[in-house]
Each structure stands twice: as C-alpha cells, then as structure tokens.
file my_file37.pdb (PDB, C-alpha atoms, pLDDT in the B column)
MODEL        1
ATOM      1  CA  GLY S   1     -34.385 -46.125  -7.388  1.00 70.00           C
ATOM      2  CA  GLU S   2     -32.145 -45.984  -4.355  1.00 84.00           C
ATOM      3  CA  ASN S   3     -33.396 -48.218  -1.582  1.00 91.00           C
ATOM      4  CA  VAL S   4     -32.110 -49.914   1.570  1.00 96.00           C
ATOM      5  CA  GLU S   5     -34.011 -52.743   3.182  1.00 96.00           C
ATOM      6  CA  GLN S   6     -33.341 -53.691   6.789  1.00 97.00           C
ATOM      7  CA  HIS S   7     -34.286 -56.835   8.720  1.00 97.00           C
ATOM      8  CA  PRO S   8     -35.550 -57.675  11.227  1.00 97.00           C
ATOM      9  CA  SER S   9     -37.713 -54.768  12.318  1.00 95.00           C
ATOM     10  CA  THR S  10     -37.583 -55.945  15.928  1.00 97.00           C
ATOM     11  CA  LEU S  11     -35.089 -58.164  17.707  1.00 98.00           C
ATOM     12  CA  SER S  12     -35.133 -59.407  21.277  1.00 98.00           C
ATOM     13  CA  VAL S  13     -32.119 -61.176  22.795  1.00 98.00           C
ATOM     14  CA  GLN S  14     -30.923 -62.222  26.232  1.00 98.00           C
ATOM     15  CA  GLU S  15     -28.082 -60.313  27.769  1.00 97.00           C
ATOM     16  CA  GLY S  16     -24.809 -61.871  26.683  1.00 97.00           C
ATOM     17  CA  ASP S  17     -26.188 -63.251  23.427  1.00 97.00           C
ATOM     18  CA  SER S  18     -25.251 -61.957  19.982  1.00 98.00           C
ATOM     19  CA  ALA S  19     -27.460 -59.831  17.749  1.00 98.00           C
ATOM     20  CA  VAL S  20     -27.315 -59.585  13.966  1.00 98.00           C
ATOM     21  CA  ILE S  21     -29.060 -57.008  11.786  1.00 98.00           C
ATOM     22  CA  LYS S  22     -28.998 -57.295   8.001  1.00 98.00           C
ATOM     23  CA  CYS S  23     -29.400 -54.737   5.231  1.00 98.00           C
ATOM     24  CA  THR S  24     -29.621 -54.925   1.461  1.00 98.00           C
ATOM     25  CA  TYR S  25     -29.000 -51.984  -0.857  1.00 96.00           C
ATOM     26  CA  SER S  26     -30.090 -51.428  -4.426  1.00 94.00           C
ATOM     27  CA  ASP S  27     -27.444 -49.080  -5.882  1.00 90.00           C
ATOM     28  CA  SER S  28     -24.428 -51.227  -6.755  1.00 90.00           C
ATOM     29  CA  ALA S  29     -22.282 -48.086  -6.918  1.00 90.00           C
ATOM     30  CA  SER S  30     -22.864 -47.312  -3.232  1.00 91.00           C
ATOM     31  CA  ASN S  31     -19.499 -46.855  -1.581  1.00 89.00           C
ATOM     32  CA  TYR S  32     -20.060 -46.167   2.108  1.00 92.00           C
ATOM     33  CA  PHE S  33     -22.169 -47.934   4.717  1.00 95.00           C
ATOM     34  CA  PRO S  34     -22.623 -46.455   8.212  1.00 95.00           C
ATOM     35  CA  TRP S  35     -24.631 -47.801  11.124  1.00 97.00           C
ATOM     36  CA  TYR S  36     -26.408 -45.518  13.563  1.00 96.00           C
ATOM     37  CA  LYS S  37     -27.834 -46.144  17.020  1.00 97.00           C
ATOM     38  CA  GLN S  38     -30.792 -44.054  18.151  1.00 95.00           C
ATOM     39  CA  GLU S  39     -31.835 -43.958  21.774  1.00 94.00           C
ATOM     40  CA  LEU S  40     -35.193 -42.622  22.891  1.00 90.00           C
ATOM     41  CA  GLY S  41     -35.418 -38.863  22.570  1.00 88.00           C
ATOM     42  CA  LYS S  42     -32.028 -38.522  20.897  1.00 91.00           C
ATOM     43  CA  GLY S  43     -30.647 -38.178  17.421  1.00 94.00           C
ATOM     44  CA  PRO S  44     -28.972 -41.071  15.592  1.00 95.00           C
ATOM     45  CA  GLN S  45     -25.374 -41.665  16.657  1.00 95.00           C
ATOM     46  CA  LEU S  46     -22.757 -43.182  14.355  1.00 94.00           C
ATOM     47  CA  ILE S  47     -21.436 -46.415  15.872  1.00 96.00           C
ATOM     48  CA  ILE S  48     -19.464 -47.985  13.040  1.00 96.00           C
ATOM     49  CA  ASP S  49     -19.013 -47.626   9.297  1.00 94.00           C
ATOM     50  CA  ILE S  50     -17.392 -49.436   6.414  1.00 94.00           C
ATOM     51  CA  ARG S  51     -16.234 -48.412   2.978  1.00 91.00           C
ATOM     52  CA  SER S  52     -16.817 -50.429  -0.156  1.00 88.00           C
ATOM     53  CA  ASN S  53     -13.165 -51.485  -0.463  1.00 88.00           C
ATOM     54  CA  VAL S  54     -13.269 -53.296   2.894  1.00 86.00           C
ATOM     55  CA  GLY S  55     -15.052 -56.555   3.665  1.00 91.00           C
ATOM     56  CA  GLU S  56     -15.148 -56.417   7.446  1.00 94.00           C
ATOM     57  CA  LYS S  57     -14.513 -53.961  10.266  1.00 93.00           C
ATOM     58  CA  LYS S  58     -14.557 -54.506  14.000  1.00 95.00           C
ATOM     59  CA  ASP S  59     -14.695 -52.170  16.971  1.00 94.00           C
ATOM     60  CA  GLN S  60     -14.777 -53.927  20.347  1.00 95.00           C
ATOM     61  CA  ARG S  61     -18.136 -55.725  20.567  1.00 97.00           C
ATOM     62  CA  ILE S  62     -19.504 -54.530  17.253  1.00 98.00           C
ATOM     63  CA  ALA S  63     -18.544 -55.538  13.736  1.00 97.00           C
ATOM     64  CA  VAL S  64     -19.832 -54.879  10.262  1.00 98.00           C
ATOM     65  CA  THR S  65     -19.456 -57.118   7.216  1.00 97.00           C
ATOM     66  CA  LEU S  66     -20.016 -56.171   3.597  1.00 96.00           C
ATOM     67  CA  ASN S  67     -20.752 -58.418   0.634  1.00 96.00           C
ATOM     68  CA  LYS S  68     -20.626 -56.216  -2.463  1.00 94.00           C
ATOM     69  CA  THR S  69     -21.542 -59.017  -4.817  1.00 94.00           C
ATOM     70  CA  ALA S  70     -24.764 -59.717  -2.972  1.00 95.00           C
ATOM     71  CA  LYS S  71     -25.233 -56.029  -2.114  1.00 95.00           C
ATOM     72  CA  HIS S  72     -25.778 -56.639   1.559  1.00 96.00           C
ATOM     73  CA  PHE S  73     -24.109 -55.710   4.806  1.00 97.00           C
ATOM     74  CA  SER S  74     -24.655 -56.723   8.391  1.00 98.00           C
ATOM     75  CA  LEU S  75     -24.132 -55.450  11.922  1.00 98.00           C
ATOM     76  CA  HIS S  76     -22.991 -57.918  14.553  1.00 98.00           C
ATOM     77  CA  ILE S  77     -23.137 -57.128  18.258  1.00 98.00           C
ATOM     78  CA  THR S  78     -21.571 -59.672  20.594  1.00 97.00           C
ATOM     79  CA  GLU S  79     -22.009 -60.021  24.358  1.00 97.00           C
ATOM     80  CA  THR S  80     -25.045 -57.766  24.292  1.00 98.00           C
ATOM     81  CA  GLN S  81     -25.797 -55.579  27.292  1.00 97.00           C
ATOM     82  CA  PRO S  82     -29.033 -53.842  28.365  1.00 96.00           C
ATOM     83  CA  GLU S  83     -27.559 -50.497  27.293  1.00 96.00           C
ATOM     84  CA  ASP S  84     -27.383 -51.825  23.726  1.00 97.00           C
ATOM     85  CA  SER S  85     -31.191 -51.578  23.647  1.00 97.00           C
ATOM     86  CA  ALA S  86     -32.058 -48.957  21.034  1.00 97.00           C
ATOM     87  CA  VAL S  87     -33.144 -48.531  17.423  1.00 96.00           C
ATOM     88  CA  TYR S  88     -30.396 -49.312  14.918  1.00 97.00           C
ATOM     89  CA  PHE S  89     -30.328 -47.910  11.389  1.00 97.00           C
ATOM     90  CA  CYS S  90     -28.196 -48.991   8.486  1.00 97.00           C
ATOM     91  CA  ALA S  91     -27.524 -46.594   5.638  1.00 95.00           C
ATOM     92  CA  ALA S  92     -25.852 -46.534   2.254  1.00 94.00           C
ATOM     93  CA  LYS S  93     -24.267 -43.656   0.403  1.00 91.00           C
ATOM     94  CA  PRO S  94     -25.203 -43.906  -3.270  1.00 86.00           C
ATOM     95  CA  PHE S  95     -22.694 -42.763  -5.824  1.00 79.00           C
ATOM     96  CA  SER S  96     -24.488 -39.509  -6.489  1.00 72.00           C
ATOM     97  CA  GLY S  97     -21.598 -37.233  -7.200  1.00 68.00           C
ATOM     98  CA  ASN S  98     -20.262 -34.794  -4.694  1.00 72.00           C
ATOM     99  CA  THR S  99     -22.917 -35.175  -2.000  1.00 80.00           C
ATOM    100  CA  GLY S 100     -23.159 -36.769   1.418  1.00 84.00           C
ATOM    101  CA  LYS S 101     -26.736 -37.984   1.006  1.00 89.00           C
ATOM    102  CA  LEU S 102     -27.494 -41.240   2.820  1.00 92.00           C
ATOM    103  CA  ILE S 103     -30.310 -43.699   2.187  1.00 92.00           C
ATOM    104  CA  PHE S 104     -31.477 -45.234   5.465  1.00 94.00           C
ATOM    105  CA  GLY S 105     -33.080 -48.553   6.252  1.00 96.00           C
ATOM    106  CA  GLN S 106     -36.329 -48.630   8.211  1.00 95.00           C
ATOM    107  CA  GLY S 107     -34.621 -49.417  11.510  1.00 95.00           C
ATOM    108  CA  THR S 108     -34.397 -52.352  13.907  1.00 96.00           C
ATOM    109  CA  THR S 109     -35.585 -52.074  17.487  1.00 96.00           C
ATOM    110  CA  LEU S 110     -33.201 -54.140  19.596  1.00 98.00           C
ATOM    111  CA  GLN S 111     -34.255 -55.183  23.082  1.00 98.00           C
ATOM    112  CA  VAL S 112     -31.682 -56.792  25.338  1.00 98.00           C
ATOM    113  CA  LYS S 113     -33.297 -58.557  28.283  1.00 96.00           C
ATOM    114  CA  PRO S 114     -31.295 -58.671  31.508  1.00 93.00           C
TER     115      PRO S 114
ATOM    116  CA  ASP X   1     -23.934 -33.249  23.363  1.00 81.00           C
ATOM    117  CA  SER X   2     -23.148 -34.036  19.719  1.00 83.00           C
ATOM    118  CA  GLY X   3     -22.123 -30.466  18.894  1.00 92.00           C
ATOM    119  CA  VAL X   4     -25.021 -30.014  16.474  1.00 97.00           C
ATOM    120  CA  THR X   5     -27.643 -27.732  18.006  1.00 97.00           C
ATOM    121  CA  GLN X   6     -31.261 -27.732  16.921  1.00 98.00           C
ATOM    122  CA  THR X   7     -33.969 -25.378  18.100  1.00 97.00           C
ATOM    123  CA  PRO X   8     -36.686 -25.557  19.112  1.00 97.00           C
ATOM    124  CA  LYS X   9     -36.877 -29.085  20.568  1.00 97.00           C
ATOM    125  CA  HIS X  10     -40.651 -29.171  20.330  1.00 97.00           C
ATOM    126  CA  LEU X  11     -43.098 -27.254  18.191  1.00 97.00           C
ATOM    127  CA  ILE X  12     -46.873 -27.487  18.104  1.00 97.00           C
ATOM    128  CA  THR X  13     -48.707 -25.550  15.436  1.00 97.00           C
ATOM    129  CA  ALA X  14     -51.949 -25.544  13.482  1.00 98.00           C
ATOM    130  CA  THR X  15     -52.567 -26.652   9.928  1.00 98.00           C
ATOM    131  CA  GLY X  16     -51.853 -23.989   7.349  1.00 98.00           C
ATOM    132  CA  GLN X  17     -49.205 -22.292   9.461  1.00 98.00           C
ATOM    133  CA  ARG X  18     -45.516 -21.736   8.727  1.00 98.00           C
ATOM    134  CA  VAL X  19     -42.607 -22.641  11.004  1.00 98.00           C
ATOM    135  CA  THR X  20     -38.839 -22.290  10.935  1.00 98.00           C
ATOM    136  CA  LEU X  21     -36.465 -24.867  12.346  1.00 98.00           C
ATOM    137  CA  ARG X  22     -32.921 -23.860  13.135  1.00 98.00           C
ATOM    138  CA  CYS X  23     -29.668 -25.799  13.118  1.00 98.00           C
ATOM    139  CA  SER X  24     -26.148 -24.843  14.177  1.00 98.00           C
ATOM    140  CA  PRO X  25     -23.553 -27.321  12.872  1.00 96.00           C
ATOM    141  CA  ARG X  26     -20.500 -28.567  14.755  1.00 95.00           C
ATOM    142  CA  SER X  27     -17.660 -26.098  14.779  1.00 93.00           C
ATOM    143  CA  GLY X  28     -15.706 -26.434  11.545  1.00 90.00           C
ATOM    144  CA  ASP X  29     -18.348 -28.433   9.665  1.00 93.00           C
ATOM    145  CA  LEU X  30     -19.281 -26.951   6.296  1.00 93.00           C
ATOM    146  CA  SER X  31     -22.046 -29.352   5.278  1.00 93.00           C
ATOM    147  CA  VAL X  32     -25.524 -29.381   6.774  1.00 96.00           C
ATOM    148  CA  TYR X  33     -28.132 -32.023   6.050  1.00 96.00           C
ATOM    149  CA  TRP X  34     -31.845 -32.108   6.888  1.00 97.00           C
ATOM    150  CA  TYR X  35     -33.754 -35.334   7.434  1.00 97.00           C
ATOM    151  CA  GLN X  36     -37.376 -36.061   8.267  1.00 97.00           C
ATOM    152  CA  GLN X  37     -38.172 -39.008  10.520  1.00 95.00           C
ATOM    153  CA  SER X  38     -41.713 -40.289  10.664  1.00 90.00           C
ATOM    154  CA  LEU X  39     -43.040 -43.603  11.973  1.00 78.00           C
ATOM    155  CA  ASP X  40     -43.932 -44.999   8.564  1.00 70.00           C
ATOM    156  CA  GLN X  41     -41.162 -43.442   6.462  1.00 69.00           C
ATOM    157  CA  GLY X  42     -38.050 -43.813   8.569  1.00 82.00           C
ATOM    158  CA  LEU X  43     -35.278 -41.264   7.997  1.00 92.00           C
ATOM    159  CA  GLN X  44     -35.816 -39.441   4.730  1.00 94.00           C
ATOM    160  CA  PHE X  45     -33.182 -37.139   3.234  1.00 94.00           C
ATOM    161  CA  LEU X  46     -34.540 -33.671   2.504  1.00 96.00           C
ATOM    162  CA  ILE X  47     -31.666 -31.422   1.480  1.00 96.00           C
ATOM    163  CA  GLN X  48     -27.920 -30.749   1.868  1.00 94.00           C
ATOM    164  CA  TYR X  49     -26.070 -27.456   1.955  1.00 95.00           C
ATOM    165  CA  TYR X  50     -22.334 -27.033   1.660  1.00 93.00           C
ATOM    166  CA  ASN X  51     -20.731 -23.739   2.638  1.00 93.00           C
ATOM    167  CA  GLY X  52     -23.878 -21.787   1.850  1.00 94.00           C
ATOM    168  CA  GLU X  53     -24.836 -23.498  -1.387  1.00 94.00           C
ATOM    169  CA  GLU X  54     -27.392 -26.199  -2.043  1.00 94.00           C
ATOM    170  CA  ARG X  55     -25.537 -29.434  -2.837  1.00 91.00           C
ATOM    171  CA  ALA X  56     -28.231 -32.111  -3.020  1.00 91.00           C
ATOM    172  CA  LYS X  57     -31.983 -32.357  -2.849  1.00 92.00           C
ATOM    173  CA  GLY X  58     -34.125 -35.293  -1.813  1.00 91.00           C
ATOM    174  CA  ASN X  59     -37.882 -35.696  -1.834  1.00 85.00           C
ATOM    175  CA  ILE X  60     -38.423 -32.296  -0.281  1.00 93.00           C
ATOM    176  CA  LEU X  61     -41.893 -30.863  -0.759  1.00 94.00           C
ATOM    177  CA  GLU X  62     -42.298 -27.553  -2.571  1.00 95.00           C
ATOM    178  CA  ARG X  63     -43.859 -26.179   0.628  1.00 97.00           C
ATOM    179  CA  PHE X  64     -40.511 -26.733   2.335  1.00 97.00           C
ATOM    180  CA  SER X  65     -37.391 -24.672   1.785  1.00 97.00           C
ATOM    181  CA  ALA X  66     -34.024 -24.288   3.441  1.00 97.00           C
ATOM    182  CA  GLN X  67     -30.967 -22.113   3.426  1.00 97.00           C
ATOM    183  CA  GLN X  68     -27.515 -21.961   4.957  1.00 97.00           C
ATOM    184  CA  PHE X  69     -26.236 -18.620   6.147  1.00 97.00           C
ATOM    185  CA  PRO X  70     -22.693 -17.166   6.046  1.00 96.00           C
ATOM    186  CA  ASP X  71     -22.128 -18.241   9.658  1.00 95.00           C
ATOM    187  CA  LEU X  72     -23.026 -21.791   8.457  1.00 96.00           C
ATOM    188  CA  HIS X  73     -26.168 -22.192  10.519  1.00 97.00           C
ATOM    189  CA  SER X  74     -29.140 -23.457   8.567  1.00 98.00           C
ATOM    190  CA  GLU X  75     -32.879 -22.980   8.682  1.00 98.00           C
ATOM    191  CA  LEU X  76     -35.611 -25.243   7.379  1.00 98.00           C
ATOM    192  CA  ASN X  77     -38.856 -23.458   6.568  1.00 98.00           C
ATOM    193  CA  LEU X  78     -42.076 -25.438   6.440  1.00 98.00           C
ATOM    194  CA  SER X  79     -45.186 -23.686   5.163  1.00 97.00           C
ATOM    195  CA  SER X  80     -48.874 -24.467   4.603  1.00 97.00           C
ATOM    196  CA  LEU X  81     -48.457 -27.184   7.176  1.00 98.00           C
ATOM    197  CA  GLU X  82     -50.534 -30.334   6.993  1.00 97.00           C
ATOM    198  CA  LEU X  83     -51.228 -33.015   9.598  1.00 96.00           C
ATOM    199  CA  GLY X  84     -48.916 -35.352   7.687  1.00 94.00           C
ATOM    200  CA  ASP X  85     -45.976 -33.029   8.231  1.00 96.00           C
ATOM    201  CA  SER X  86     -45.906 -34.023  11.896  1.00 96.00           C
ATOM    202  CA  ALA X  87     -42.546 -35.708  12.391  1.00 96.00           C
ATOM    203  CA  LEU X  88     -39.092 -35.423  13.879  1.00 97.00           C
ATOM    204  CA  TYR X  89     -36.808 -33.200  11.847  1.00 98.00           C
ATOM    205  CA  PHE X  90     -33.098 -33.826  12.214  1.00 97.00           C
ATOM    206  CA  CYS X  91     -30.158 -31.769  11.168  1.00 97.00           C
ATOM    207  CA  ALA X  92     -26.714 -33.288  10.703  1.00 96.00           C
ATOM    208  CA  SER X  93     -23.353 -31.818   9.822  1.00 96.00           C
ATOM    209  CA  SER X  94     -20.025 -32.978   8.444  1.00 92.00           C
ATOM    210  CA  THR X  95     -16.694 -31.555   7.395  1.00 85.00           C
ATOM    211  CA  GLY X  96     -16.923 -31.082   3.642  1.00 67.00           C
ATOM    212  CA  GLN X  97     -17.781 -34.399   2.101  1.00 64.00           C
ATOM    213  CA  ALA X  98     -16.551 -36.341   5.107  1.00 59.00           C
ATOM    214  CA  LEU X  99     -18.428 -39.555   5.656  1.00 76.00           C
ATOM    215  CA  GLY X 100     -20.282 -40.365   8.836  1.00 78.00           C
ATOM    216  CA  TYR X 101     -21.897 -37.175   9.869  1.00 88.00           C
ATOM    217  CA  THR X 102     -23.176 -36.071  13.274  1.00 94.00           C
ATOM    218  CA  PHE X 103     -26.849 -35.618  14.027  1.00 96.00           C
ATOM    219  CA  GLY X 104     -28.493 -33.121  16.326  1.00 97.00           C
ATOM    220  CA  SER X 105     -31.181 -34.138  18.800  1.00 96.00           C
ATOM    221  CA  GLY X 106     -34.005 -33.085  16.485  1.00 97.00           C
ATOM    222  CA  THR X 107     -37.104 -30.914  16.489  1.00 97.00           C
ATOM    223  CA  ARG X 108     -40.401 -32.666  17.105  1.00 97.00           C
ATOM    224  CA  LEU X 109     -43.088 -30.950  15.031  1.00 97.00           C
ATOM    225  CA  THR X 110     -46.724 -31.600  15.788  1.00 97.00           C
ATOM    226  CA  VAL X 111     -49.338 -30.163  13.455  1.00 97.00           C
ATOM    227  CA  VAL X 112     -52.839 -30.071  14.912  1.00 97.00           C
TER     228      VAL X 112
ENDMDL
END

call {"tool": "encode", "arguments": {"input": "my_file37.pdb", "output": "structure tokens"}}
result
Amino acid sequence: GENVEQHPSTLSVQEGDSAVIKCTYSDSASNYFPWYKQELGKGPQLIIDIRSNVGEKKDQRIAVTLNKTAKHFSLHITETQPEDSAVYFCAAKPFSGNTGKLIFGQGTTLQVKP
Amino acid sequence: DSGVTQTPKHLITATGQRVTLRCSPRSGDLSVYWYQQSLDQGLQFLIQYYNGEERAKGNILERFSAQQFPDLHSELNLSSLELGDSALYFCASSTGQALGYTFGSGTRLTVV
C-alpha cells in the first residue's frame, strides 16, 4: 500500500549547523512531495515542495532533493536557528487520480540548541 | 492566520457521544481535506471534498462522516465516540487540485 517512512524521528543540532531529514515513499507513481513544519499548538505549514520532474529545489536556507529511482527525498536546512525548532513532516501525493490526498511520514522533531 | 478556520479549538466529551467539527476553507478554495493526527499514527487522511462532492476517502471509520455545504464550509461528524478517537483533527483547503494545501489550526478532541 501507500506508505512514507521518515527518519530520524528526533534530531538535535547546534545553532548554525545543518540538519537533514530523509523520507522514502512506496508508490513509484507519486508525483508531488511537500514538506510541512508544525510548531506547538499550530497546524502544519507548507515550507517547500518539489514535483517529480525536478531533482532539487532551494528556497533560502532550505532545500529539497528527490531521487525518483531510489524513491526517496530529503529536506536540508542550513545555518539552523532556534526558530527552526519544530516537527517536520514529509509527504507524498500518490497517483490516485483526481485527488489531493497526501501520505505523510511520521514526523521529525528538530531541536536547534542555541 | 492561515485563512482556514476550524471550530471549536478544544472539545471534551464522553464515550458514546457525537460531536461535529467545523471548517471554513480559505476564500476561493474549493477543496477541503480532513486529517486525524494522533501520537502513534501521525497525520492520517480521512476524506476530501471538492465543491460539495466527495472526491477521495481514506481510512475513515464508518462512525465518522463529513459533508461540504454550498458555501464550501465543511463539517466532520464523529459518533459513538471511543477513547481511541481522542486526537487532533485538522482541516486543510486548496484551490481545485492545487498542490500544497493550507491547514487550519486544528480541533483537539478528548474523549473521556
């Protein structure tokens, strides 16, 4: 079935260091891969996304890479800051016709230590 | 403020009861999605509506139902509640089939 695995479940870095979160998806026909950031008491917020016809996308300090052959994609955060501390979710949109359904990973709790 | 409004923010109810969660999508968005977030299950897709019609269904229990009204707001009805239904319920919206939808701040349901 459709599944997304996310690693690690927790990640602690020093301020200024880089953080990398990795996800693997099962449906090879998945065509869209967003990343969401969830702060305490709030809903998930889209921070970056990538489509299956693109290998890499960057937006300031965050970047996402996609390897369709290996069916995995990663989130890279450089020069981390304390305000980057949150739970990060990857997701994949399976090719399930005309729907916007997303399959989410289990989340990564990122702690950035000042 | 994401533009997606969910009410109530918190709900405490007893087992066996029925509750209704409400969602108002961002202005102009036609699609509404419902997700359940629990500690051990992460974010689980429940159901999607597009312009009043059901578009996709996930692992939504038969005790749960939803609808989208002509003004595009949506309601999620949960009945015969069990302790295991305690979770955060999120609504999200998007324009048509646009990718990258916007989530509301959620309703925290506690069943006691």

call {"tool": "residues_around", "arguments": {"input": "my_file37.pdb", "residues": "Pro25 of chain X", "least_positions_apart": "3", "cutoff": "12 Å", "atoms": "all atoms listed in the file", "output": "PyMOL selection string"}}
result
chain X and resi 2-7+22+28-34+49-51+68-69+71-75+90-96+101-105

call {"tool": "write_last_selection", "arguments": {"input": "my_file37.pdb", "atoms": "C-alpha atoms", "output": "PDB file, in the frame of the given file"}}
result
ATOM      1  CA  SER X   2     -23.148 -34.036  19.719  1.00 83.00           C
ATOM      2  CA  GLY X   3     -22.123 -30.466  18.894  1.00 92.00           C
ATOM      3  CA  VAL X   4     -25.021 -30.014  16.474  1.00 97.00           C
ATOM      4  CA  THR X   5     -27.643 -27.732  18.006  1.00 97.00           C
ATOM      5  CA  GLN X   6     -31.261 -27.732  16.921  1.00 98.00           C
ATOM      6  CA  THR X   7     -33.969 -25.378  18.100  1.00 97.00           C
ATOM      7  CA  ARG X  22     -32.921 -23.860  13.135  1.00 98.00           C
ATOM      8  CA  GLY X  28     -15.706 -26.434  11.545  1.00 90.00           C
ATOM      9  CA  ASP X  29     -18.348 -28.433   9.665  1.00 93.00           C
ATOM     10  CA  LEU X  30     -19.281 -26.951   6.296  1.00 93.00           C
ATOM     11  CA  SER X  31     -22.046 -29.352   5.278  1.00 93.00           C
ATOM     12  CA  VAL X  32     -25.524 -29.381   6.774  1.00 96.00           C
ATOM     13  CA  TYR X  33     -28.132 -32.023   6.050  1.00 96.00           C
ATOM     14  CA  TRP X  34     -31.845 -32.108   6.888  1.00 97.00           C
ATOM     15  CA  TYR X  49     -26.070 -27.456   1.955  1.00 95.00           C
ATOM     16  CA  TYR X  50     -22.334 -27.033   1.660  1.00 93.00           C
ATOM     17  CA  ASN X  51     -20.731 -23.739   2.638  1.00 93.00           C
ATOM     18  CA  GLN X  68     -27.515 -21.961   4.957  1.00 97.00           C
ATOM     19  CA  PHE X  69     -26.236 -18.620   6.147  1.00 97.00           C
ATOM     20  CA  ASP X  71     -22.128 -18.241   9.658  1.00 95.00           C
ATOM     21  CA  LEU X  72     -23.026 -21.791   8.457  1.00 96.00           C
ATOM     22  CA  HIS X  73     -26.168 -22.192  10.519  1.00 97.00           C
ATOM     23  CA  SER X  74     -29.140 -23.457   8.567  1.00 98.00           C
ATOM     24  CA  GLU X  75     -32.879 -22.980   8.682  1.00 98.00           C
ATOM     25  CA  PHE X  90     -33.098 -33.826  12.214  1.00 97.00           C
ATOM     26  CA  CYS X  91     -30.158 -31.769  11.168  1.00 97.00           C
ATOM     27  CA  ALA X  92     -26.714 -33.288  10.703  1.00 96.00           C
ATOM     28  CA  SER X  93     -23.353 -31.818   9.822  1.00 96.00           C
ATOM     29  CA  SER X  94     -20.025 -32.978   8.444  1.00 92.00           C
ATOM     30  CA  THR X  95     -16.694 -31.555   7.395  1.00 85.00           C
ATOM     31  CA  GLY X  96     -16.923 -31.082   3.642  1.00 67.00           C
ATOM     32  CA  TYR X 101     -21.897 -37.175   9.869  1.00 88.00           C
ATOM     33  CA  THR X 102     -23.176 -36.071  13.274  1.00 94.00           C
ATOM     34  CA  PHE X 103     -26.849 -35.618  14.027  1.00 96.00           C
ATOM     35  CA  GLY X 104     -28.493 -33.121  16.326  1.00 97.00           C
ATOM     36  CA  SER X 105     -31.181 -34.138  18.800  1.00 96.00           C
TER      37      SER X 105
END

call {"tool": "residues_around", "arguments": {"input": "my_file37.pdb", "residues": "Phe95 of chain S", "least_positions_apart": "2", "cutoff": "12 Å", "atoms": "only C-alpha atoms", "output": "list in words"}}
result
Glu2, Ser26, Asp27, Ser28, Ala29, Ser30, Asn31, Tyr32, Phe33, Ser52, Ala92, Lys93, Gly97, Asn98, Thr99, Gly100, Lys101, Leu102 and Ile103 of chain S

call {"tool": "residues_near_point", "arguments": {"input": "my_file37.pdb", "point": "(-20.9, -53.3, 10.3)", "cutoff": "6 Å", "atoms": "all atoms listed in the file", "output": "list of chain:residue names"}}
result
S:Ala63, S:Val64, S:Thr65, S:Ser74, S:Leu75

call {"tool": "closest_residue", "arguments": {"input": "my_file37.pdb", "among": "X:Glu62, X:Gly84, X:Gly42, X:Leu109", "to": "Glu5 of chain S", "atoms": "all atoms listed in the file"}}
result
X:Gly42

call {"tool": "interface_residues", "arguments": {"input": "my_file37.pdb", "of": "chain S", "to": "chain X", "cutoff": "6 Å", "atoms": "all atoms listed in the file", "output": "number ranges by chain"}}
result
S: 42-43, 100, 106

call {"tool": "resolve_selection", "arguments": {"input": "my_file37.pdb", "expression": "the PyMOL selection byres ((chain S and resi 15) around 12)", "output": "PDB file with C-alpha atoms, in the frame of the given file"}}
result
ATOM      1  CA  SER S  12     -35.133 -59.407  21.277  1.00 98.00           C
ATOM      2  CA  VAL S  13     -32.119 -61.176  22.795  1.00 98.00           C
ATOM      3  CA  GLN S  14     -30.923 -62.222  26.232  1.00 98.00           C
ATOM      4  CA  GLY S  16     -24.809 -61.871  26.683  1.00 97.00           C
ATOM      5  CA  ASP S  17     -26.188 -63.251  23.427  1.00 97.00           C
ATOM      6  CA  SER S  18     -25.251 -61.957  19.982  1.00 98.00           C
ATOM      7  CA  ALA S  19     -27.460 -59.831  17.749  1.00 98.00           C
ATOM      8  CA  ILE S  77     -23.137 -57.128  18.258  1.00 98.00           C
ATOM      9  CA  THR S  78     -21.571 -59.672  20.594  1.00 97.00           C
ATOM     10  CA  GLU S  79     -22.009 -60.021  24.358  1.00 97.00           C
ATOM     11  CA  THR S  80     -25.045 -57.766  24.292  1.00 98.00           C
ATOM     12  CA  GLN S  81     -25.797 -55.579  27.292  1.00 97.00           C
ATOM     13  CA  PRO S  82     -29.033 -53.842  28.365  1.00 96.00           C
ATOM     14  CA  GLU S  83     -27.559 -50.497  27.293  1.00 96.00           C
ATOM     15  CA  ASP S  84     -27.383 -51.825  23.726  1.00 97.00           C
ATOM     16  CA  SER S  85     -31.191 -51.578  23.647  1.00 97.00           C
ATOM     17  CA  LEU S 110     -33.201 -54.140  19.596  1.00 98.00           C
ATOM     18  CA  GLN S 111     -34.255 -55.183  23.082  1.00 98.00           C
ATOM     19  CA  VAL S 112     -31.682 -56.792  25.338  1.00 98.00           C
ATOM     20  CA  LYS S 113     -33.297 -58.557  28.283  1.00 96.00           C
ATOM     21  CA  PRO S 114     -31.295 -58.671  31.508  1.00 93.00           C
TER      22      PRO S 114
END

call {"tool": "residues_around", "arguments": {"input": "my_file37.pdb", "residues": "Leu61 of chain X", "least_positions_apart": "4", "cutoff": "10 Å", "atoms": "all atoms listed in the file", "output": "ChimeraX atom specification"}}
result
/X:46,65,78-79

call {"tool": "atom_distance", "arguments": {"input": "my_file37.pdb", "atom1": "atom CA of Ile47 of chain S", "atom2": "atom CA of Gly107 of chain S"}}
result
14.2 Å

call {"tool": "atom_distance", "arguments": {"input": "my_file37.pdb", "atom1": "atom CA of Gly105 of chain S", "atom2": "atom CA of Trp35 of chain S"}}
result
9.8 Å

call {"tool": "atom_distance", "arguments": {"input": "my_file37.pdb", "atom1": "atom CA of Lys22 of chain S", "atom2": "atom CA of Asn53 of chain S"}}
result
18.9 Å

call {"tool": "axis_aligned_box", "arguments": {"input": "my_file37.pdb", "around": "segment 96-106 of chain S", "padding_each_side": "5 Å", "output": "JSON"}}
result
{"center_x": -28.3, "center_y": -41.7, "center_z": 0.5, "size_x": 26.1, "size_y": 23.8, "size_z": 25.4}

call {"tool": "decode", "arguments": {"input": "my_file37.pdb", "residues": "segment 99-104 of chain S", "atoms": "N, CA and C atoms", "output": "mmCIF file, in the first residue's frame"}}
result
data_model
loop_
_atom_site.group_PDB
_atom_site.id
_atom_site.type_symbol
_atom_site.label_atom_id
_atom_site.label_comp_id
_atom_site.auth_asym_id
_atom_site.auth_seq_id
_atom_site.Cartn_x
_atom_site.Cartn_y
_atom_site.Cartn_z
ATOM 1 N N THR S 99 -7.337 13.499 -7.119
ATOM 2 C CA THR S 99 -7.487 13.849 -5.708
ATOM 3 C C THR S 99 -6.230 14.550 -5.216
ATOM 4 N N GLY S 100 -6.351 15.193 -4.073
ATOM 5 C CA GLY S 100 -5.211 15.872 -3.471
ATOM 6 C C GLY S 100 -4.716 15.167 -2.231
ATOM 7 N N LYS S 101 -5.089 13.906 -2.076
ATOM 8 C CA LYS S 101 -4.698 13.129 -0.890
ATOM 9 C C LYS S 101 -3.181 13.081 -0.755
ATOM 10 N N LEU S 102 -2.694 13.271 0.462
ATOM 11 C CA LEU S 102 -1.274 13.166 0.763
ATOM 12 C C LEU S 102 -1.042 12.047 1.776
ATOM 13 N N ILE S 103 0.065 11.342 1.603
ATOM 14 C CA ILE S 103 0.502 10.355 2.586
ATOM 15 C C ILE S 103 1.678 10.976 3.342
ATOM 16 N N PHE S 104 1.544 11.076 4.668
ATOM 17 C CA PHE S 104 2.545 11.746 5.476
ATOM 18 C C PHE S 104 3.495 10.755 6.145
#
